[in-house]
file work05.cif (mmCIF, C-alpha atoms)
data_upload
#
loop_
_atom_site.group_PDB
_atom_site.id
_atom_site.type_symbol
_atom_site.label_atom_id
_atom_site.label_comp_id
_atom_site.auth_asym_id
_atom_site.auth_seq_id
_atom_site.Cartn_x
_atom_site.Cartn_y
_atom_site.Cartn_z
ATOM 1 C CA MET A 1 171.139 42.380 43.499
ATOM 2 C CA HIS A 2 169.162 39.834 41.464
ATOM 3 C CA CYS A 3 165.723 40.805 40.249
ATOM 4 C CA PRO A 4 163.112 38.722 42.143
ATOM 5 C CA TYR A 5 161.037 38.444 38.931
ATOM 6 C CA CYS A 6 163.500 37.562 36.161
ATOM 7 C CA ARG A 7 166.701 36.873 38.169
ATOM 8 C CA HIS A 8 168.691 39.388 36.082
ATOM 9 C CA SER A 9 171.740 40.535 38.051
ATOM 10 C CA ASP A 10 171.602 44.237 37.186
ATOM 11 C CA SER A 11 169.264 46.768 38.761
ATOM 12 C CA ARG A 12 169.173 50.517 39.177
ATOM 13 C CA VAL A 13 168.524 52.285 42.483
ATOM 14 C CA LEU A 14 165.606 54.722 42.165
ATOM 15 C CA ASP A 15 165.276 55.863 45.770
ATOM 16 C CA SER A 16 167.056 55.305 49.111
ATOM 17 C CA ARG A 17 165.739 56.040 52.597
ATOM 18 C CA VAL A 18 167.066 55.430 56.080
ATOM 19 C CA VAL A 19 164.736 53.229 58.152
ATOM 20 C CA GLU A 20 164.681 51.523 61.565
ATOM 21 C CA ASP A 21 166.369 54.348 63.461
ATOM 22 C CA GLY A 22 169.256 54.507 61.032
ATOM 23 C CA THR A 23 170.214 50.841 61.226
ATOM 24 C CA ALA A 24 168.990 50.015 57.724
ATOM 25 C CA ILE A 25 168.493 51.517 54.283
ATOM 26 C CA ARG A 26 165.388 50.920 52.166
ATOM 27 C CA ARG A 27 166.113 51.022 48.448
ATOM 28 C CA ARG A 28 163.596 51.098 45.620
ATOM 29 C CA ARG A 29 165.146 49.403 42.569
ATOM 30 C CA GLN A 30 164.274 48.803 38.939
ATOM 31 C CA CYS A 31 165.484 45.790 36.971
ATOM 32 C CA ALA A 32 167.515 46.665 33.862
ATOM 33 C CA ALA A 33 166.091 43.687 31.929
ATOM 34 C CA CYS A 34 162.357 43.422 32.748
ATOM 35 C CA GLU A 35 161.986 46.985 34.165
ATOM 36 C CA ARG A 36 159.887 45.785 37.106
ATOM 37 C CA ARG A 37 160.396 47.517 40.424
ATOM 38 C CA PHE A 38 161.180 45.975 43.787
ATOM 39 C CA THR A 39 162.304 47.043 47.244
ATOM 40 C CA THR A 40 165.351 45.915 49.182
ATOM 41 C CA ILE A 41 166.350 46.616 52.750
ATOM 42 C CA GLU A 42 170.058 46.707 53.469
ATOM 43 C CA GLN A 43 171.178 46.272 57.037
ATOM 44 C CA THR A 44 174.623 45.997 58.538
ATOM 45 C CA GLN A 45 175.162 42.613 60.053
ATOM 46 C CA LEU A 46 176.449 42.436 63.591
ATOM 47 C CA VAL A 47 178.526 39.293 64.071
ATOM 48 C CA VAL A 48 179.883 37.614 67.179
ATOM 49 C CA VAL A 49 183.397 36.160 67.214
ATOM 50 C CA LYS A 50 183.535 33.179 69.538
ATOM 51 C CA ARG A 51 186.644 32.134 71.483
ATOM 52 C CA SER A 52 187.219 29.345 68.972
ATOM 53 C CA GLY A 53 187.371 31.907 66.168
ATOM 54 C CA VAL A 54 184.011 30.896 64.708
ATOM 55 C CA VAL A 55 182.003 33.892 63.494
ATOM 56 C CA GLU A 56 178.197 33.867 63.604
ATOM 57 C CA PRO A 57 175.484 36.520 63.267
ATOM 58 C CA PHE A 58 174.305 38.158 66.488
ATOM 59 C CA ASN A 59 171.109 36.478 67.603
ATOM 60 C CA ARG A 60 168.744 38.087 70.123
ATOM 61 C CA ALA A 61 167.109 34.707 70.715
ATOM 62 C CA LYS A 62 170.398 33.335 72.062
ATOM 63 C CA VAL A 63 170.656 36.253 74.475
ATOM 64 C CA ILE A 64 167.094 35.603 75.655
ATOM 65 C CA THR A 65 167.763 31.870 76.052
ATOM 66 C CA GLY A 66 170.871 32.485 78.157
ATOM 67 C CA VAL A 67 169.249 35.123 80.334
ATOM 68 C CA ARG A 68 166.039 33.081 80.722
ATOM 69 C CA LYS A 69 168.061 30.397 82.520
ATOM 70 C CA ALA A 70 169.300 32.965 85.040
ATOM 71 C CA CYS A 71 165.719 34.257 85.443
ATOM 72 C CA LYS A 72 164.163 30.864 86.127
ATOM 73 C CA GLY A 73 161.715 31.206 89.019
ATOM 74 C CA ARG A 74 162.032 34.993 89.015
ATOM 75 C CA PRO A 75 159.229 37.484 88.255
ATOM 76 C CA VAL A 76 160.570 38.306 84.772
ATOM 77 C CA ASN A 77 158.297 38.019 81.726
ATOM 78 C CA ASP A 78 159.034 37.455 78.048
ATOM 79 C CA ASP A 79 158.500 41.116 77.137
ATOM 80 C CA GLU A 80 161.161 42.167 79.640
ATOM 81 C CA LEU A 81 163.559 39.583 78.228
ATOM 82 C CA ALA A 82 162.897 40.825 74.690
ATOM 83 C CA ARG A 83 163.580 44.424 75.788
ATOM 84 C CA LEU A 84 166.796 43.320 77.476
ATOM 85 C CA ALA A 85 167.950 41.563 74.286
ATOM 86 C CA GLN A 86 167.129 44.700 72.294
ATOM 87 C CA GLN A 87 169.125 46.838 74.752
ATOM 88 C CA VAL A 88 172.071 44.463 74.421
ATOM 89 C CA GLU A 89 171.973 44.606 70.628
ATOM 90 C CA GLU A 90 171.640 48.398 70.631
ATOM 91 C CA SER A 91 174.601 48.824 72.978
ATOM 92 C CA LEU A 92 176.740 46.510 70.850
ATOM 93 C CA ARG A 93 175.784 48.362 67.664
ATOM 94 C CA ALA A 94 176.469 51.703 69.367
ATOM 95 C CA ALA A 95 180.044 50.556 69.980
ATOM 96 C CA GLY A 96 180.487 50.871 66.218
ATOM 97 C CA GLN A 97 182.086 47.490 65.586
ATOM 98 C CA ALA A 98 180.765 45.024 63.022
ATOM 99 C CA GLU A 99 182.510 42.122 64.787
ATOM 100 C CA VAL A 100 182.050 41.748 68.532
ATOM 101 C CA PRO A 101 183.931 39.239 70.704
ATOM 102 C CA ALA A 102 181.578 36.845 72.515
ATOM 103 C CA ASP A 103 182.751 38.029 75.936
ATOM 104 C CA GLU A 104 181.607 41.578 75.099
ATOM 105 C CA VAL A 105 178.102 40.222 74.573
ATOM 106 C CA GLY A 106 178.202 38.905 78.131
ATOM 107 C CA VAL A 107 179.408 42.250 79.442
ATOM 108 C CA ALA A 108 176.606 43.997 77.528
ATOM 109 C CA ILE A 109 174.073 41.679 79.188
ATOM 110 C CA LEU A 110 175.219 42.337 82.757
ATOM 111 C CA GLY A 111 174.101 45.987 83.039
ATOM 112 C CA PRO A 112 170.519 45.622 81.798
ATOM 113 C CA LEU A 113 170.116 42.351 83.708
ATOM 114 C CA ARG A 114 171.279 43.992 86.953
ATOM 115 C CA ASP A 115 168.592 46.641 86.450
ATOM 116 C CA LEU A 116 165.961 44.020 85.621
ATOM 117 C CA ASP A 117 166.473 41.518 88.449
ATOM 118 C CA GLU A 118 169.342 41.396 90.950
ATOM 119 C CA VAL A 119 169.034 37.686 91.716
ATOM 120 C CA ALA A 120 169.083 36.786 88.020
ATOM 121 C CA TYR A 121 172.049 39.145 87.642
ATOM 122 C CA LEU A 122 173.961 37.308 90.387
ATOM 123 C CA ARG A 123 173.176 33.959 88.798
ATOM 124 C CA PHE A 124 174.315 35.112 85.361
ATOM 125 C CA ALA A 125 177.398 36.914 86.705
ATOM 126 C CA SER A 126 178.432 33.882 88.750
ATOM 127 C CA VAL A 127 178.610 31.776 85.603
ATOM 128 C CA TYR A 128 179.883 34.473 83.255
ATOM 129 C CA ARG A 129 182.596 35.731 85.613
ATOM 130 C CA GLN A 130 183.299 32.211 86.879
ATOM 131 C CA PHE A 131 182.783 32.806 90.595
ATOM 132 C CA GLU A 132 184.814 30.271 92.561
ATOM 133 C CA SER A 133 183.965 31.043 96.174
ATOM 134 C CA LEU A 134 181.527 32.717 98.517
ATOM 135 C CA ASP A 135 183.903 35.686 98.598
ATOM 136 C CA ASP A 136 183.137 36.301 94.929
ATOM 137 C CA PHE A 137 179.407 36.382 95.680
ATOM 138 C CA GLU A 138 179.899 38.570 98.758
ATOM 139 C CA SER A 139 181.987 41.027 96.765
ATOM 140 C CA GLU A 140 179.360 41.260 94.034
ATOM 141 C CA ILE A 141 176.537 41.651 96.563
ATOM 142 C CA SER A 142 178.508 44.378 98.304
ATOM 143 C CA GLN A 143 178.869 46.223 94.994
ATOM 144 C CA LEU A 144 175.121 45.877 94.382
ATOM 145 C CA ARG A 145 174.334 47.272 97.832
ATOM 146 C CA THR A 146 176.702 50.198 97.293
ATOM 147 C CA ARG A 147 175.074 50.901 93.949
ATOM 148 C CA LEU A 148 171.583 50.751 95.459
ATOM 149 C CA ALA A 149 172.581 53.022 98.355
ATOM 150 C CA GLY A 150 173.978 55.541 95.862
ATOM 151 C CA ALA A 151 170.821 55.389 93.767
ATOM 152 C CA GLY A 152 168.691 55.942 96.858
ATOM 153 C CA ASP A 153 170.524 59.185 97.640
ATOM 154 C CA GLN A 154 169.648 60.722 94.302
ATOM 155 C CA PRO A 155 166.392 62.600 93.725
ATOM 156 C CA THR A 156 163.833 60.891 91.506
#
call {"tool": "encode", "arguments": {"input": "work05.cif", "output": "structure tokens"}}
result
Amino acid sequence: MHCPYCRHSDSRVLDSRVVEDGTAIRRRRQCAACERRFTTIEQTQLVVVKRSGVVEPFNRAKVITGVRKACKGRPVNDDELARLAQQVEESLRAAGQAEVPADEVGVAILGPLRDLDEVAYLRFASVYRQFESLDDFESEISQLRTRLAGAGDQPT
């Protein structure tokens, strides 16, 4: 870690603390050359492996952009989209893998989106799962109805 003041490459860790619900570590450091102190935050990077093999950092904004298209004209606000993107990232991190295939990101989106808005879910699922006929839609709608009927039987 380079010192932000003198650019010396050696520093000593004085203190470490877990922050952001355990997803990052805050370290207080002291430069070996100029002895000034500075803070760093170390965070594991979640990366997405695309079908082409290209690896890029996970980006909540891309999740929001993709889901926003499915939510067009639906009563879904930006705060709900931000929460959905956070849920997706948290579920991917909980899987314990630093590299996640792109299709797993889509799978992680489907659950929270189904809970948020069923029409947007059907739109997203139809593209993601490549629906080819009305039978695909009918099957998915049937599963949604079964799920809703099961949820209605449970006490709240």
call {"tool": "axis_aligned_box", "arguments": {"input": "work05.cif", "around": "stretch 123-137 of chain A", "padding_each_side": "4 Å", "output": "lines of an AutoDock Vina configuration file"}}
result
center_x = 179.0
center_y = 33.6
center_z = 90.9
size_x = 19.6
size_y = 14.6
size_z = 23.3
call {"tool": "residues_around", "arguments": {"input": "work05.cif", "residues": "stretch 94-103 of chain A", "least_positions_apart": "6", "cutoff": "9 Å", "atoms": "all atoms listed in the file", "output": "list in words"}}
result
Thr44, Gln45, Leu46, Val47, Val48, Val49, Lys50, Arg51, Val55, Phe58 and Tyr128 of chain A
call {"tool": "atom_distance", "arguments": {"input": "work05.cif", "atom1": "atom CA of A:Thr40", "atom2": "atom CA of A:Ser9"}}
result
13.9 Å
call {"tool": "residues_near_point", "arguments": {"input": "work05.cif", "point": "(169.3, 48.7, 41.8)", "cutoff": "12 Å", "atoms": "all atoms listed in the file", "output": "list in words"}}
result
Met1, His2, Cys3, Pro4, His8, Ser9, Asp10, Ser11, Arg12, Val13, Leu14, Asp15, Ser16, Arg26, Arg27, Arg28, Arg29, Gln30, Cys31, Ala32, Ala33, Glu35, Arg36, Arg37, Phe38, Thr39, Thr40, Ile41 and Glu42 of chain A
call {"tool": "closest_residue", "arguments": {"input": "work05.cif", "among": "A:Gln130, A:Glu118, A:Ala108, A:Arg7", "to": "A:Arg145", "atoms": "all atoms listed in the file"}}
result
A:Glu118
call {"tool": "closest_residue", "arguments": {"input": "work05.cif", "among": "A:Arg74, A:Arg93, A:Arg60, A:Arg68", "to": "A:Gln43", "atoms": "only C-alpha atoms"}}
result
A:Arg93
call {"tool": "closest_residue", "arguments": {"input": "work05.cif", "among": "A:Phe131, A:Asp78, A:Val105, A:Cys6", "to": "A:Leu92", "atoms": "all atoms listed in the file"}}
result
A:Val105
call {"tool": "atom_distance", "arguments": {"input": "work05.cif", "atom1": "atom CA of A:Gly53", "atom2": "atom CA of A:Glu104"}}
result
14.4 Å
call {"tool": "atom_distance", "arguments": {"input": "work05.cif", "atom1": "atom CA of A:Ile141", "atom2": "atom CA of A:Leu122"}}
result
8.0 Å
call {"tool": "closest_residue", "arguments": {"input": "work05.cif", "among": "A:Leu110, A:Lys62, A:Leu116, A:Ser52", "to": "A:Asp79", "atoms": "all atoms listed in the file"}}
result
A:Leu116
call {"tool": "closest_residue", "arguments": {"input": "work05.cif", "among": "A:Ala24, A:Ala85, A:Arg114, A:Gly106", "to": "A:Gln143", "atoms": "all atoms listed in the file"}}
result
A:Arg114
call {"tool": "residues_around", "arguments": {"input": "work05.cif", "residues": "A:Tyr121", "least_positions_apart": "3", "cutoff": "9 Å", "atoms": "all atoms listed in the file", "output": "list in words"}}
result
Val67, Ala70, Cys71, Leu110, Gly111, Pro112, Leu113, Arg114, Asp115, Leu116, Asp117, Glu118, Phe124, Ala125 and Ser126 of chain A
call {"tool": "build_atoms", "arguments": {"input": "work05.cif", "residues": "stretch 60-84 of chain A", "atoms": "N, CA, C and O atoms", "output": "PDB file, in the frame of the given file"}}
result
ATOM      1  N   ARG A  60     169.446  37.694  68.894  1.00  0.00           N
ATOM      2  CA  ARG A  60     168.744  38.087  70.123  1.00  0.00           C
ATOM      3  C   ARG A  60     168.175  36.877  70.851  1.00  0.00           C
ATOM      4  O   ARG A  60     168.122  36.848  72.078  1.00  0.00           O
ATOM      5  N   ALA A  61     167.715  35.900  70.101  1.00  0.00           N
ATOM      6  CA  ALA A  61     167.109  34.707  70.715  1.00  0.00           C
ATOM      7  C   ALA A  61     168.111  33.983  71.613  1.00  0.00           C
ATOM      8  O   ALA A  61     167.738  33.455  72.666  1.00  0.00           O
ATOM      9  N   LYS A  62     169.380  33.979  71.224  1.00  0.00           N
ATOM     10  CA  LYS A  62     170.398  33.335  72.062  1.00  0.00           C
ATOM     11  C   LYS A  62     170.616  34.113  73.352  1.00  0.00           C
ATOM     12  O   LYS A  62     170.841  33.524  74.409  1.00  0.00           O
ATOM     13  N   VAL A  63     170.544  35.425  73.269  1.00  0.00           N
ATOM     14  CA  VAL A  63     170.656  36.253  74.475  1.00  0.00           C
ATOM     15  C   VAL A  63     169.491  35.926  75.403  1.00  0.00           C
ATOM     16  O   VAL A  63     169.679  35.691  76.601  1.00  0.00           O
ATOM     17  N   ILE A  64     168.284  35.891  74.852  1.00  0.00           N
ATOM     18  CA  ILE A  64     167.094  35.603  75.655  1.00  0.00           C
ATOM     19  C   ILE A  64     167.193  34.221  76.294  1.00  0.00           C
ATOM     20  O   ILE A  64     166.894  34.055  77.478  1.00  0.00           O
ATOM     21  N   THR A  65     167.637  33.233  75.527  1.00  0.00           N
ATOM     22  CA  THR A  65     167.763  31.870  76.052  1.00  0.00           C
ATOM     23  C   THR A  65     168.736  31.824  77.228  1.00  0.00           C
ATOM     24  O   THR A  65     168.450  31.206  78.256  1.00  0.00           O
ATOM     25  N   GLY A  66     169.881  32.477  77.079  1.00  0.00           N
ATOM     26  CA  GLY A  66     170.871  32.485  78.157  1.00  0.00           C
ATOM     27  C   GLY A  66     170.384  33.208  79.395  1.00  0.00           C
ATOM     28  O   GLY A  66     170.571  32.745  80.525  1.00  0.00           O
ATOM     29  N   VAL A  67     169.736  34.337  79.205  1.00  0.00           N
ATOM     30  CA  VAL A  67     169.249  35.123  80.334  1.00  0.00           C
ATOM     31  C   VAL A  67     168.042  34.442  80.977  1.00  0.00           C
ATOM     32  O   VAL A  67     167.870  34.497  82.195  1.00  0.00           O
ATOM     33  N   ARG A  68     167.221  33.771  80.182  1.00  0.00           N
ATOM     34  CA  ARG A  68     166.039  33.081  80.722  1.00  0.00           C
ATOM     35  C   ARG A  68     166.452  32.047  81.772  1.00  0.00           C
ATOM     36  O   ARG A  68     165.782  31.867  82.790  1.00  0.00           O
ATOM     37  N   LYS A  69     167.580  31.389  81.541  1.00  0.00           N
ATOM     38  CA  LYS A  69     168.061  30.397  82.520  1.00  0.00           C
ATOM     39  C   LYS A  69     168.365  31.066  83.856  1.00  0.00           C
ATOM     40  O   LYS A  69     168.049  30.519  84.913  1.00  0.00           O
ATOM     41  N   ALA A  70     168.988  32.238  83.807  1.00  0.00           N
ATOM     42  CA  ALA A  70     169.300  32.965  85.040  1.00  0.00           C
ATOM     43  C   ALA A  70     168.036  33.484  85.710  1.00  0.00           C
ATOM     44  O   ALA A  70     168.011  33.692  86.924  1.00  0.00           O
ATOM     45  N   CYS A  71     166.972  33.704  84.922  1.00  0.00           N
ATOM     46  CA  CYS A  71     165.719  34.257  85.443  1.00  0.00           C
ATOM     47  C   CYS A  71     164.718  33.191  85.872  1.00  0.00           C
ATOM     48  O   CYS A  71     163.600  33.534  86.277  1.00  0.00           O
ATOM     49  N   LYS A  72     165.096  31.937  85.783  1.00  0.00           N
ATOM     50  CA  LYS A  72     164.163  30.864  86.127  1.00  0.00           C
ATOM     51  C   LYS A  72     163.657  31.038  87.561  1.00  0.00           C
ATOM     52  O   LYS A  72     164.423  31.197  88.494  1.00  0.00           O
ATOM     53  N   GLY A  73     162.340  31.048  87.705  1.00  0.00           N
ATOM     54  CA  GLY A  73     161.715  31.206  89.019  1.00  0.00           C
ATOM     55  C   GLY A  73     161.630  32.646  89.485  1.00  0.00           C
ATOM     56  O   GLY A  73     161.176  32.914  90.598  1.00  0.00           O
ATOM     57  N   ARG A  74     162.062  33.573  88.665  1.00  0.00           N
ATOM     58  CA  ARG A  74     162.032  34.993  89.015  1.00  0.00           C
ATOM     59  C   ARG A  74     160.844  35.668  88.319  1.00  0.00           C
ATOM     60  O   ARG A  74     160.379  35.190  87.289  1.00  0.00           O
ATOM     61  N   PRO A  75     160.381  36.797  88.858  1.00  0.00           N
ATOM     62  CA  PRO A  75     159.229  37.484  88.255  1.00  0.00           C
ATOM     63  C   PRO A  75     159.645  38.325  87.028  1.00  0.00           C
ATOM     64  O   PRO A  75     159.534  39.549  87.025  1.00  0.00           O
ATOM     65  N   VAL A  76     160.140  37.643  86.002  1.00  0.00           N
ATOM     66  CA  VAL A  76     160.570  38.306  84.772  1.00  0.00           C
ATOM     67  C   VAL A  76     159.776  37.699  83.624  1.00  0.00           C
ATOM     68  O   VAL A  76     159.759  36.471  83.454  1.00  0.00           O
ATOM     69  N   ASN A  77     159.122  38.549  82.819  1.00  0.00           N
ATOM     70  CA  ASN A  77     158.297  38.019  81.726  1.00  0.00           C
ATOM     71  C   ASN A  77     159.033  38.092  80.383  1.00  0.00           C
ATOM     72  O   ASN A  77     160.113  38.684  80.277  1.00  0.00           O
ATOM     73  N   ASP A  78     158.421  37.518  79.377  1.00  0.00           N
ATOM     74  CA  ASP A  78     159.034  37.455  78.048  1.00  0.00           C
ATOM     75  C   ASP A  78     159.249  38.833  77.423  1.00  0.00           C
ATOM     76  O   ASP A  78     160.234  39.047  76.724  1.00  0.00           O
ATOM     77  N   ASP A  79     158.339  39.758  77.678  1.00  0.00           N
ATOM     78  CA  ASP A  79     158.500  41.116  77.137  1.00  0.00           C
ATOM     79  C   ASP A  79     159.744  41.787  77.717  1.00  0.00           C
ATOM     80  O   ASP A  79     160.482  42.465  77.006  1.00  0.00           O
ATOM     81  N   GLU A  80     159.973  41.590  79.003  1.00  0.00           N
ATOM     82  CA  GLU A  80     161.161  42.167  79.640  1.00  0.00           C
ATOM     83  C   GLU A  80     162.438  41.540  79.083  1.00  0.00           C
ATOM     84  O   GLU A  80     163.435  42.240  78.867  1.00  0.00           O
ATOM     85  N   LEU A  81     162.399  40.249  78.819  1.00  0.00           N
ATOM     86  CA  LEU A  81     163.559  39.583  78.228  1.00  0.00           C
ATOM     87  C   LEU A  81     163.816  40.090  76.812  1.00  0.00           C
ATOM     88  O   LEU A  81     164.970  40.300  76.420  1.00  0.00           O
ATOM     89  N   ALA A  82     162.751  40.307  76.058  1.00  0.00           N
ATOM     90  CA  ALA A  82     162.897  40.825  74.690  1.00  0.00           C
ATOM     91  C   ALA A  82     163.485  42.236  74.715  1.00  0.00           C
ATOM     92  O   ALA A  82     164.360  42.564  73.903  1.00  0.00           O
ATOM     93  N   ARG A  83     163.025  43.066  75.664  1.00  0.00           N
ATOM     94  CA  ARG A  83     163.580  44.424  75.788  1.00  0.00           C
ATOM     95  C   ARG A  83     165.055  44.378  76.174  1.00  0.00           C
ATOM     96  O   ARG A  83     165.867  45.144  75.663  1.00  0.00           O
ATOM     97  N   LEU A  84     165.402  43.470  77.074  1.00  0.00           N
ATOM     98  CA  LEU A  84     166.796  43.320  77.476  1.00  0.00           C
ATOM     99  C   LEU A  84     167.658  42.947  76.269  1.00  0.00           C
ATOM    100  O   LEU A  84     168.719  43.527  76.044  1.00  0.00           O
TER     101      LEU A  84
END
